[in-house]
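One structure is given below, encoded as structure tokens.
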2 protein chains.
Amino acid sequence: MKHTISVLVENKFGVLARVAGLFSGRGFNITSLAVGETKDNTVSRMTIVVDDRGKPEVMEQVEKQLNKLVDVIKVQDFIDLPFIERELLLIKVKVTEGTRGAILSLAQIFRARVIDVSHHSLVLEVTGTEDKVKAILKLLARFGIQELVRTGKIAIARS
Amino acid sequence: MKHTISVLVENKFGVLARVAGLFSGRGFNITSLAVGETKDNTVSRMTIVVDDRGKPEVMEQVEKQLNKLVDVIKVQDFIDLPFIERELLLIKVKVTEGTRGAILSLAQIFRARVIDVSHHSLVLEVTGTEDKVKAILKLLARFGIQELVRTGKIAIARS
């Protein structure tokens with residue numbers, strides 16, 4: 001099962017490597033990771049998506065160890081909480097006179113924004129859940145994807 | 001000077017820890033990091049923002065070492081390239097009957113989307129450059145920010 005884990009850490013060098021090392025040391029592969037500053041610029045929030053490979057008890061141990069790291073302030077696993085997830089995707093799609101209209105229609109349906117244009121390509125900015133991101137990627141694939149960057153998922157608890 | 005570095009890596013466990021370790025080993029603090037899958041799900045792209053602390057020649061060495069790591073496919077420093085950057089922000093703002101209108105107006109100006117509502121708070125989804133994200137954070141601060149998650153920056157080369 002996939003876990004979305006939010007880790008509040010002191011913004012110091014080495015923290016990221018230690019946190020990532022804790023997961024890889026137990027053989028867990030991090031699917032996505034996003035780290036950004038919070039309103040306090042000495043504190044960062046990491047959002048980690050990781051598959052427990054059918055071993056939730058080992059994942060629990062990793063989370064306990066995380067909590068013990070000096071620079072870790074708080075660990076929250078969204079597995080028991082209602083939350084909203086979002087991811088950001090930048091995608092450069094090949095475009096011709098014949099396909100431009102279809103691509104722009106798709107962009108509109110997915111509420112994607114065109115953020116760069118050239119004769120032969122368009123760059124779209126898309127935000128959404130993992131499912132939405134997957135859906136637009138699948139639909140754009142037939143036009144030719146030239147480049148693709150994803151942030152990884154971030155999450156916030158529902159009120 | 002801040003560098004935005006894009007690193008294409010094999011999606012294996014331990015890669016993230018090794019890459020992060022290379023920067024922290026040289027005393028560079030990673031300001032933001034975003035890791036997501038590419039169209040090939042065995043390959044991930046990491047976007048790293050790091051300050052060279054006035055030592056561009058040491059940063060160059062780190063990039064050379066990155067290139068030598070077994071699971072690293074390609075390293076690109078956007079310092080010499082025109083690129084588009086974006087970041088995603090989820091922000092929970094305190095709301096009252098008296099402030100709701102002002103917050104929604106701000107959201108509209110920044111093209112932010114309301115993605116969750118309760119009696120006492122709103123969750124906004126904002127995308128933009130670092131400057132735009134900073135600007136909206138500054139303006140929302142006076143209403144009371146309850147929670148804040150950022151993805152860190154991702155970047156794509158202009159056509």
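Each chain in the structure tokens gets a letter, A, B, ..., in the order shown, and its residues are numbered from 1; ligands are numbered from 1 in order too.
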* Contacts of stretch 35-43 of chain A within 7 Å, only C-alpha atoms, excl. fewer than 4 positions in-chain, as a list in words ->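 In the requested form, the answer reads Leu8, Val9, Glu10, Asn11 and Thr47 of chain A; Ser32, Leu33, Ala34, Leu148, Val149, Arg150, Thr151 and Gly152 of chain B.
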* Hey, list the chain B side of the contact with chain A: 8 Å cut-off, only C-alpha atoms, answer as number ranges by chain. => B: 12-14, 16-21, 24-25, 27-39, 45, 87-88, 90, 116-118, 121, 147-156, 158-159
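The space between atom CA of A:Glu130 and atom CA of A:Val62 spans 24.6 Å.
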* To do: Write down as a PyMOL selection string the residues belonging to stretch 4-106 of chain A that are assigned alpha helix (DSSP H) by DSSP computed on the backbone.
  => chain A and resi 15-25+56-68+100-106
* To do: Rank B:Thr96, B:Gln108, B:Thr129, B:Thr4 by their smallest atom-to-atom distance to B:Met59, using only C-alpha atoms, and report the top residue only.
  => B:Thr4
So which residues touch A:Ile103 within 9 Å, counting only C-alpha atoms, skipping near sequence neighbours fewer than 3 positions away, as a short mmCIF file (atom, residue, chain, number, x, y, z; two decimals) with C-alpha atoms, in the first residue's frame?
data_model
loop_
_atom_site.label_atom_id
_atom_site.label_comp_id
_atom_site.auth_asym_id
_atom_site.auth_seq_id
_atom_site.Cartn_x
_atom_site.Cartn_y
_atom_site.Cartn_z
CA VAL A 93 4.01 18.39 -26.42
CA VAL A 95 2.40 20.31 -32.13
CA THR A 99 -3.05 18.87 -33.96
CA ARG A 100 -2.97 22.29 -32.28
CA LEU A 106 -7.68 18.80 -24.12
CA ALA A 107 -5.87 21.50 -22.15
CA GLN A 108 -9.16 23.29 -21.59
CA LEU A 122 3.51 23.75 -26.53
CA LEU A 140 -1.33 13.60 -24.82
CA PHE A 143 0.79 13.72 -30.05
#
* Enumerate as an NGL selection string all residues of stretch 25-159 of chain A assigned to strand (DSSP E) by DSSP on the backbone, naming them with the chain letters and numbers the document uses. => :A and (30-37 or 43-51 or 72-77 or 83-94 or 113-117 or 121-128 or 145-150 or 154-157)
